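Listing of protein-v7.txt, compact mmCIF, C-alpha atoms
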```
# COMPACT_ATOMS: atom_id res chain seq x y z
CA ASP G 16 0.00 0.00 0.00
CA VAL G 17 1.10 3.53 -0.70
CA LYS G 18 2.01 5.32 2.43
CA VAL G 19 2.27 9.06 2.89
CA THR G 20 3.46 9.96 6.37
CA GLN G 21 3.39 13.38 7.97
CA SER G 22 5.75 13.93 10.85
CA SER G 23 3.23 15.31 13.33
CA ARG G 24 -0.49 14.87 13.88
CA TYR G 25 -0.84 17.91 16.11
CA LEU G 26 1.47 20.90 16.49
CA VAL G 27 1.29 24.06 18.58
CA LYS G 28 3.69 26.90 17.75
CA ARG G 29 4.15 30.49 18.78
CA THR G 30 3.71 33.48 16.51
CA GLY G 31 6.98 34.30 14.74
CA GLU G 32 8.45 30.81 15.06
CA LYS G 33 9.87 29.00 12.04
CA VAL G 34 7.84 25.84 11.53
CA PHE G 35 8.75 22.74 9.52
CA LEU G 36 6.13 20.23 8.41
CA GLU G 37 7.64 17.05 7.00
CA CYS G 38 6.10 14.59 4.58
CA VAL G 39 7.53 11.28 3.36
CA GLN G 40 6.10 8.89 0.75
CA ASP G 41 7.31 5.38 0.08
CA MET G 42 6.05 4.69 -3.44
CA ASP G 43 8.56 6.57 -5.58
CA HIS G 44 5.97 9.13 -6.66
CA GLU G 45 7.20 12.06 -8.72
CA ASN G 46 4.53 14.54 -7.65
CA MET G 47 4.10 15.83 -4.12
CA PHE G 48 1.72 18.47 -2.82
CA TRP G 49 0.93 20.54 0.24
CA TYR G 50 -2.65 21.62 0.85
CA ARG G 51 -4.30 23.44 3.68
CA GLN G 52 -7.87 22.66 4.68
CA ASP G 53 -10.16 25.22 6.27
CA PRO G 54 -13.90 24.89 7.01
CA GLY G 55 -16.03 26.06 4.12
CA LEU G 56 -13.02 26.48 1.84
CA GLY G 57 -12.13 22.88 1.08
CA LEU G 58 -8.51 22.08 0.30
CA ARG G 59 -6.33 24.76 -1.20
CA LEU G 60 -2.99 24.09 -2.85
CA ILE G 61 0.00 25.82 -1.26
CA TYR G 62 2.94 24.38 -3.23
CA PHE G 63 3.71 21.34 -5.29
CA SER G 64 6.76 19.59 -6.64
CA TYR G 65 7.05 17.38 -9.72
CA ASP G 66 10.68 16.37 -9.27
CA VAL G 67 13.57 16.65 -6.85
CA LYS G 68 14.51 20.31 -6.30
CA MET G 69 11.60 21.40 -8.53
CA LYS G 70 8.78 23.36 -6.96
CA GLU G 71 5.91 25.50 -8.10
CA LYS G 72 3.54 27.81 -6.32
CA GLY G 73 -0.02 26.77 -5.85
CA ASP G 74 -2.97 29.02 -5.15
CA ILE G 75 -1.96 30.33 -1.71
CA PRO G 76 1.87 30.31 -1.40
CA GLU G 77 2.24 33.52 0.59
CA GLY G 78 3.98 32.96 3.92
CA TYR G 79 5.16 29.47 2.96
CA SER G 80 8.15 27.88 1.29
CA VAL G 81 9.00 24.28 0.46
CA SER G 82 11.98 22.04 0.06
CA ARG G 83 12.43 18.80 -1.85
CA GLU G 84 16.00 17.56 -1.60
CA LYS G 85 15.07 13.88 -1.97
CA LYS G 86 12.33 12.31 -4.05
CA GLU G 87 10.53 10.79 -1.09
CA ARG G 88 10.50 13.88 1.15
CA PHE G 89 8.66 17.18 0.78
CA SER G 90 8.86 19.79 3.51
CA LEU G 91 6.62 22.77 4.09
CA ILE G 92 8.19 25.72 5.89
CA LEU G 93 6.40 28.55 7.62
CA GLU G 94 9.13 31.18 7.81
CA SER G 95 7.44 33.19 10.54
CA ALA G 96 4.26 31.58 11.77
CA SER G 97 1.18 33.74 12.17
CA THR G 98 -2.20 33.02 13.72
CA ASN G 99 -3.90 33.01 10.30
CA GLN G 100 -1.81 29.96 9.44
CA THR G 101 -3.66 27.93 12.05
CA SER G 102 -5.14 25.17 9.91
CA MET G 103 -5.08 21.50 8.91
CA TYR G 104 -2.21 20.76 6.54
CA LEU G 105 -2.39 17.79 4.20
CA CYS G 106 0.45 16.33 2.18
CA ALA G 107 -0.25 14.23 -0.92
CA SER G 108 1.67 12.39 -3.60
CA SER G 109 0.90 10.92 -7.01
CA LEU G 110 2.59 9.22 -9.93
CA GLY G 111 4.24 11.30 -12.67
CA ARG G 112 1.96 12.24 -15.48
CA ARG G 113 -0.23 9.15 -15.42
CA VAL G 114 -3.72 9.96 -14.29
CA THR G 115 -4.06 8.25 -10.97
CA GLU G 116 -5.48 9.34 -7.69
CA ALA G 117 -3.40 11.28 -5.21
CA PHE G 118 -2.60 9.61 -1.89
CA PHE G 119 -2.82 11.69 1.25
CA GLY G 120 -1.10 11.74 4.60
CA GLN G 121 -3.07 11.79 7.83
CA GLY G 122 -2.83 15.56 8.17
CA THR G 123 -1.17 17.92 10.64
CA ARG G 124 -3.38 20.17 12.69
CA LEU G 125 -1.27 23.26 13.34
CA THR G 126 -2.25 25.84 15.93
CA VAL G 127 -0.31 29.10 16.06
CA VAL G 128 -0.77 31.00 19.33
CA ALA C 19 -14.01 31.90 -10.56
CA GLN C 20 -14.64 28.77 -8.53
CA LYS C 21 -13.51 25.75 -10.53
CA ILE C 22 -15.30 23.17 -8.39
CA THR C 23 -18.55 23.97 -6.64
CA GLN C 24 -20.30 21.81 -4.08
CA THR C 25 -23.50 23.62 -3.15
CA GLN C 26 -24.61 21.35 -0.32
CA PRO C 27 -22.77 22.14 2.93
CA GLY C 28 -24.62 19.30 4.66
CA MET C 29 -26.80 16.38 3.65
CA PHE C 30 -28.81 13.89 5.68
CA VAL C 31 -29.90 10.43 4.57
CA GLN C 32 -31.60 7.48 6.19
CA GLU C 33 -29.63 4.27 6.44
CA LYS C 34 -30.13 2.00 3.38
CA GLU C 35 -31.39 4.89 1.27
CA ALA C 36 -29.52 6.33 -1.73
CA VAL C 37 -28.07 9.85 -1.68
CA THR C 38 -26.68 12.17 -4.35
CA LEU C 39 -23.93 14.67 -3.59
CA ASP C 40 -23.71 17.48 -6.12
CA CYS C 41 -20.60 18.75 -7.86
CA THR C 42 -20.30 21.19 -10.74
CA TYR C 43 -17.06 22.22 -12.37
CA ASP C 44 -15.68 24.84 -14.69
CA THR C 45 -12.86 24.27 -17.17
CA SER C 46 -11.99 25.08 -20.75
CA ASP C 47 -9.57 22.17 -20.96
CA PRO C 48 -11.01 19.29 -23.01
CA SER C 49 -8.91 16.73 -21.09
CA TYR C 50 -9.67 16.56 -17.41
CA GLY C 51 -10.48 14.10 -14.68
CA LEU C 52 -12.90 14.26 -11.80
CA PHE C 53 -12.33 12.60 -8.43
CA TRP C 54 -14.34 12.05 -5.29
CA TYR C 55 -12.71 11.66 -1.88
CA LYS C 56 -14.17 10.77 1.51
CA GLN C 57 -12.79 12.27 4.71
CA PRO C 58 -14.04 10.62 7.93
CA SER C 59 -13.72 12.40 11.25
CA SER C 60 -10.28 10.82 11.69
CA GLY C 61 -9.03 13.11 8.92
CA GLU C 62 -7.56 10.81 6.29
CA MET C 63 -8.56 11.33 2.67
CA ILE C 64 -9.90 8.19 1.02
CA PHE C 65 -10.15 8.01 -2.77
CA LEU C 66 -13.56 6.78 -3.94
CA ILE C 67 -14.02 7.11 -7.68
CA TYR C 68 -12.60 8.67 -10.86
CA GLN C 69 -14.16 9.84 -14.14
CA GLY C 70 -12.18 10.97 -17.17
CA SER C 71 -13.62 13.59 -19.49
CA TYR C 72 -13.42 11.21 -22.45
CA ASP C 73 -14.88 8.21 -20.65
CA GLN C 74 -18.05 7.13 -22.40
CA GLN C 75 -19.63 5.42 -19.43
CA ASN C 76 -20.29 6.67 -15.93
CA ALA C 77 -17.79 5.34 -13.42
CA THR C 78 -18.91 2.88 -10.77
CA GLU C 79 -17.09 1.43 -7.75
CA GLY C 80 -19.21 -0.82 -5.59
CA ARG C 81 -21.90 1.32 -3.95
CA TYR C 82 -20.46 4.50 -5.48
CA SER C 83 -21.33 5.76 -8.92
CA LEU C 84 -20.59 9.01 -10.65
CA ASN C 85 -23.39 10.68 -12.60
CA PHE C 86 -21.33 12.47 -15.23
CA GLN C 87 -23.19 15.04 -17.34
CA LYS C 88 -20.51 16.65 -19.48
CA ALA C 89 -22.69 19.25 -21.19
CA ARG C 90 -23.95 20.47 -17.82
CA LYS C 91 -20.46 20.22 -16.30
CA SER C 92 -21.67 18.19 -13.38
CA ALA C 93 -20.20 15.11 -11.71
CA ASN C 94 -22.51 14.06 -8.93
CA LEU C 95 -21.63 11.23 -6.57
CA VAL C 96 -24.38 8.70 -5.92
CA ILE C 97 -24.08 6.46 -2.88
CA SER C 98 -26.53 3.59 -2.90
CA ALA C 99 -27.74 1.76 0.22
CA SER C 100 -26.17 4.22 2.67
CA GLN C 101 -24.44 2.84 5.74
CA LEU C 102 -23.66 4.50 9.06
CA GLY C 103 -19.98 4.35 8.14
CA ASP C 104 -20.67 6.61 5.16
CA SER C 105 -21.04 9.58 7.52
CA ALA C 106 -18.12 11.81 6.56
CA MET C 107 -17.05 14.87 4.59
CA TYR C 108 -17.02 14.32 0.82
CA PHE C 109 -14.88 16.29 -1.59
CA CYS C 110 -15.14 16.60 -5.35
CA ALA C 111 -11.87 17.43 -7.12
CA MET C 112 -10.69 18.08 -10.68
CA ARG C 113 -7.39 17.57 -12.43
CA GLU C 114 -6.92 19.46 -15.70
CA GLY C 115 -4.46 18.78 -18.48
CA ILE C 116 -4.60 15.01 -18.35
CA GLY C 117 -3.97 14.80 -22.07
CA GLY C 118 -0.22 15.28 -21.68
CA GLY C 119 -0.28 18.76 -20.23
CA THR C 120 1.75 20.18 -17.37
CA SER C 121 -0.75 20.00 -14.57
CA TYR C 122 1.57 17.59 -12.68
CA GLY C 123 -1.38 16.01 -11.01
CA LYS C 124 -2.64 19.15 -9.29
CA LEU C 125 -6.12 18.68 -7.87
CA THR C 126 -8.56 21.53 -7.36
CA PHE C 127 -11.09 20.78 -4.63
CA GLY C 128 -14.60 21.90 -3.86
CA GLN C 129 -15.73 23.12 -0.45
CA GLY C 130 -16.97 19.71 0.62
CA THR C 131 -20.30 18.26 1.74
CA ILE C 132 -20.83 16.75 5.19
CA LEU C 133 -22.99 13.63 4.90
CA THR C 134 -24.79 12.32 7.96
CA VAL C 135 -26.42 8.89 7.79
CA HIS C 136 -29.23 8.36 10.29
CA PRO C 137 -30.12 4.87 11.60
```
If you convert what's in this file into structure tokens, what do you get?
Amino acid sequence: DVKVTQSSRYLVKRTGEKVFLECVQDMDHENMFWYRQDPGLGLRLIYFSYDVKMKEKGDIPEGYSVSREKKERFSLILESASTNQTSMYLCASSLGRRVTEAFFGQGTRLTVV
Amino acid sequence: AQKITQTQPGMFVQEKEAVTLDCTYDTSDPSYGLFWYKQPSSGEMIFLIYQGSYDQQNATEGRYSLNFQKARKSANLVISASQLGDSAMYFCAMREGIGGGTSYGKLTFGQGTILTVHP
């Protein structure tokens, strides 16, 4: 089974802190994604990566950056956490350009206080 | 403009009855795919069903079927014989550029519909 693992299920950080959310997939997928989920807004794409060291902005990249040094790992970085970044963060991965479903991690519920 | 619209914030259904969750989409790309995901209260996203824009027949997976009406740009999920375990949030999502484009698998999601199944 494909497994996408996010490093933390719950996280509480202080305003201004630098926050790292880690995601690892074990199926050699080329594509990896970070979404945030907020009530009434569904899932919104923050950043995605289609290859090692390649990244592209999604719909809401402001305040975030990403890193993909290895194929299996995709990190989301909040450079200076703010309270409006309190949300559920979901990592996903999928095969290259074949049309298959994306597989999701269990989510990280981040609270910034 | 919203690319995926789910107009039902919440739906209720009696156990063993069928229910339809609505999804409309907006794209000018002729090659696209539509997905439905289920998210139980535990938070994981579970893939349910997929429909490609060129597929001639409506997709079916067990108790799930997708009522695909291309001209109306709708892709409604039909769950037959609802079970208590079907209570969850349901998301419709679209991937554009499946005909060799550069979408890289990006999915655009709707707002979601919370389904509650009553015994």
List as JSON lines every residue of chain C that is in contact with chain G, defined as an atom at most 12 Å from one of its atoms (using only C-alpha atoms), together with the nearest atom pair and the distance in Å rounded to one decimal, sorted by chain and then rising number.
```
{"residue": "C:Gln20", "atom": "CA", "partner": "G:Leu56", "partner_atom": "CA", "distance": 10.7}
{"residue": "C:Lys21", "atom": "CA", "partner": "G:Arg59", "partner_atom": "CA", "distance": 11.8}
{"residue": "C:Ile22", "atom": "CA", "partner": "G:Gly57", "partner_atom": "CA", "distance": 10.0}
{"residue": "C:Thr23", "atom": "CA", "partner": "G:Gly57", "partner_atom": "CA", "distance": 10.1}
{"residue": "C:Gln24", "atom": "CA", "partner": "G:Gly57", "partner_atom": "CA", "distance": 9.7}
{"residue": "C:Thr25", "atom": "CA", "partner": "G:Gly55", "partner_atom": "CA", "distance": 10.7}
{"residue": "C:Gln26", "atom": "CA", "partner": "G:Gly55", "partner_atom": "CA", "distance": 10.7}
{"residue": "C:Pro27", "atom": "CA", "partner": "G:Gly55", "partner_atom": "CA", "distance": 7.9}
{"residue": "C:Gly28", "atom": "CA", "partner": "G:Gly55", "partner_atom": "CA", "distance": 10.9}
{"residue": "C:Ser49", "atom": "CA", "partner": "G:Val114", "partner_atom": "CA", "distance": 10.9}
{"residue": "C:Tyr50", "atom": "CA", "partner": "G:Val114", "partner_atom": "CA", "distance": 9.4}
{"residue": "C:Gly51", "atom": "CA", "partner": "G:Val114", "partner_atom": "CA", "distance": 7.9}
{"residue": "C:Leu52", "atom": "CA", "partner": "G:Glu116", "partner_atom": "CA", "distance": 9.8}
{"residue": "C:Phe53", "atom": "CA", "partner": "G:Glu116", "partner_atom": "CA", "distance": 7.6}
{"residue": "C:Trp54", "atom": "CA", "partner": "G:Glu116", "partner_atom": "CA", "distance": 9.6}
{"residue": "C:Tyr55", "atom": "CA", "partner": "G:Glu116", "partner_atom": "CA", "distance": 9.6}
{"residue": "C:Lys56", "atom": "CA", "partner": "G:Phe119", "partner_atom": "CA", "distance": 11.4}
{"residue": "C:Gln57", "atom": "CA", "partner": "G:Gln121", "partner_atom": "CA", "distance": 10.2}
{"residue": "C:Pro58", "atom": "CA", "partner": "G:Gln121", "partner_atom": "CA", "distance": 11.0}
{"residue": "C:Ser59", "atom": "CA", "partner": "G:Gln121", "partner_atom": "CA", "distance": 11.2}
{"residue": "C:Ser60", "atom": "CA", "partner": "G:Gln121", "partner_atom": "CA", "distance": 8.2}
{"residue": "C:Gly61", "atom": "CA", "partner": "G:Gln121", "partner_atom": "CA", "distance": 6.2}
{"residue": "C:Glu62", "atom": "CA", "partner": "G:Gln121", "partner_atom": "CA", "distance": 4.8}
{"residue": "C:Met63", "atom": "CA", "partner": "G:Phe119", "partner_atom": "CA", "distance": 5.9}
{"residue": "C:Ile64", "atom": "CA", "partner": "G:Phe119", "partner_atom": "CA", "distance": 7.9}
{"residue": "C:Phe65", "atom": "CA", "partner": "G:Glu116", "partner_atom": "CA", "distance": 6.9}
{"residue": "C:Leu66", "atom": "CA", "partner": "G:Glu116", "partner_atom": "CA", "distance": 9.3}
{"residue": "C:Ile67", "atom": "CA", "partner": "G:Glu116", "partner_atom": "CA", "distance": 8.8}
{"residue": "C:Tyr68", "atom": "CA", "partner": "G:Glu116", "partner_atom": "CA", "distance": 7.8}
{"residue": "C:Gln69", "atom": "CA", "partner": "G:Val114", "partner_atom": "CA", "distance": 10.4}
{"residue": "C:Gly70", "atom": "CA", "partner": "G:Val114", "partner_atom": "CA", "distance": 9.0}
{"residue": "C:Ser71", "atom": "CA", "partner": "G:Val114", "partner_atom": "CA", "distance": 11.8}
{"residue": "C:Met107", "atom": "CA", "partner": "G:Gly57", "partner_atom": "CA", "distance": 10.0}
{"residue": "C:Tyr108", "atom": "CA", "partner": "G:Gly57", "partner_atom": "CA", "distance": 9.9}
{"residue": "C:Phe109", "atom": "CA", "partner": "G:Gly57", "partner_atom": "CA", "distance": 7.6}
{"residue": "C:Cys110", "atom": "CA", "partner": "G:Gly57", "partner_atom": "CA", "distance": 9.5}
{"residue": "C:Ala111", "atom": "CA", "partner": "G:Leu58", "partner_atom": "CA", "distance": 9.4}
{"residue": "C:Met112", "atom": "CA", "partner": "G:Glu116", "partner_atom": "CA", "distance": 10.6}
{"residue": "C:Arg113", "atom": "CA", "partner": "G:Val114", "partner_atom": "CA", "distance": 8.7}
{"residue": "C:Glu114", "atom": "CA", "partner": "G:Val114", "partner_atom": "CA", "distance": 10.1}
{"residue": "C:Gly115", "atom": "CA", "partner": "G:Arg112", "partner_atom": "CA", "distance": 9.6}
{"residue": "C:Ile116", "atom": "CA", "partner": "G:Val114", "partner_atom": "CA", "distance": 6.5}
{"residue": "C:Gly117", "atom": "CA", "partner": "G:Val114", "partner_atom": "CA", "distance": 9.2}
{"residue": "C:Gly118", "atom": "CA", "partner": "G:Arg112", "partner_atom": "CA", "distance": 7.2}
{"residue": "C:Gly119", "atom": "CA", "partner": "G:Arg112", "partner_atom": "CA", "distance": 8.4}
{"residue": "C:Thr120", "atom": "CA", "partner": "G:Arg112", "partner_atom": "CA", "distance": 8.2}
{"residue": "C:Ser121", "atom": "CA", "partner": "G:Arg112", "partner_atom": "CA", "distance": 8.3}
{"residue": "C:Tyr122", "atom": "CA", "partner": "G:Arg112", "partner_atom": "CA", "distance": 6.1}
{"residue": "C:Gly123", "atom": "CA", "partner": "G:Arg112", "partner_atom": "CA", "distance": 6.7}
{"residue": "C:Lys124", "atom": "CA", "partner": "G:Phe63", "partner_atom": "CA", "distance": 7.8}
{"residue": "C:Leu125", "atom": "CA", "partner": "G:Leu60", "partner_atom": "CA", "distance": 8.0}
{"residue": "C:Thr126", "atom": "CA", "partner": "G:Arg59", "partner_atom": "CA", "distance": 7.3}
{"residue": "C:Phe127", "atom": "CA", "partner": "G:Leu58", "partner_atom": "CA", "distance": 5.7}
{"residue": "C:Gly128", "atom": "CA", "partner": "G:Gly57", "partner_atom": "CA", "distance": 5.6}
{"residue": "C:Gln129", "atom": "CA", "partner": "G:Gly57", "partner_atom": "CA", "distance": 3.9}
{"residue": "C:Gly130", "atom": "CA", "partner": "G:Gly57", "partner_atom": "CA", "distance": 5.8}
{"residue": "C:Thr131", "atom": "CA", "partner": "G:Gly55", "partner_atom": "CA", "distance": 9.2}
{"residue": "C:Ile132", "atom": "CA", "partner": "G:Gly55", "partner_atom": "CA", "distance": 10.5}
```
So how many Å separate atom CA of Glu94 of chain G and atom CA of Gly31 of chain G, to one decimal?
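Distance reported for this atom pair: 7.9 Å.
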Nearby residues, (-25.2, 6.6, -2.5) file frame, 9 Å, all atoms listed in the file, as a PyMOL selection string:
chain C and resi 34-39+81-83+95-100+104
Include C-alpha atoms and write out the residues we just selected as a PDB file, in the coordinates of the input.
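Saved result, part_38.pdb, follows:
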```
ATOM      1  CA  LYS C  34     -30.130   2.000   3.380  1.00  0.00           C
ATOM      2  CA  GLU C  35     -31.390   4.890   1.270  1.00  0.00           C
ATOM      3  CA  ALA C  36     -29.520   6.330  -1.730  1.00  0.00           C
ATOM      4  CA  VAL C  37     -28.070   9.850  -1.680  1.00  0.00           C
ATOM      5  CA  THR C  38     -26.680  12.170  -4.350  1.00  0.00           C
ATOM      6  CA  LEU C  39     -23.930  14.670  -3.590  1.00  0.00           C
ATOM      7  CA  ARG C  81     -21.900   1.320  -3.950  1.00  0.00           C
ATOM      8  CA  TYR C  82     -20.460   4.500  -5.480  1.00  0.00           C
ATOM      9  CA  SER C  83     -21.330   5.760  -8.920  1.00  0.00           C
ATOM     10  CA  LEU C  95     -21.630  11.230  -6.570  1.00  0.00           C
ATOM     11  CA  VAL C  96     -24.380   8.700  -5.920  1.00  0.00           C
ATOM     12  CA  ILE C  97     -24.080   6.460  -2.880  1.00  0.00           C
ATOM     13  CA  SER C  98     -26.530   3.590  -2.900  1.00  0.00           C
ATOM     14  CA  ALA C  99     -27.740   1.760   0.220  1.00  0.00           C
ATOM     15  CA  SER C 100     -26.170   4.220   2.670  1.00  0.00           C
ATOM     16  CA  ASP C 104     -20.670   6.610   5.160  1.00  0.00           C
TER      17      ASP C 104
END
```
Given the choices C:Asn76, C:Ser92, C:Gln32, C:Ser105, which gets closest to Thr45 of chain C if the distance is worked out from all atoms listed in the file?
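Of the candidates, the smallest distance to Thr45 of chain C is held by C:Ser92.
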Would you list the contacts of Glu32 of chain G as a ChimeraX atom specification, taking every protein, DNA or RNA residue within 10 Å and counting only C-alpha atoms, but skipping same-chain residues closer than 6 positions in sequence?
/G:93-97,127
So that I have them on file, write out the residues from the current selection with C-alpha atoms, as a CSV table (one decimal), in the coordinates of the input.
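That gives us out-v9.csv:
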```
chain,number,residue,atom,x,y,z
G,93,LEU,CA,6.4,28.6,7.6
G,94,GLU,CA,9.1,31.2,7.8
G,95,SER,CA,7.4,33.2,10.5
G,96,ALA,CA,4.3,31.6,11.8
G,97,SER,CA,1.2,33.7,12.2
G,127,VAL,CA,-0.3,29.1,16.1
```
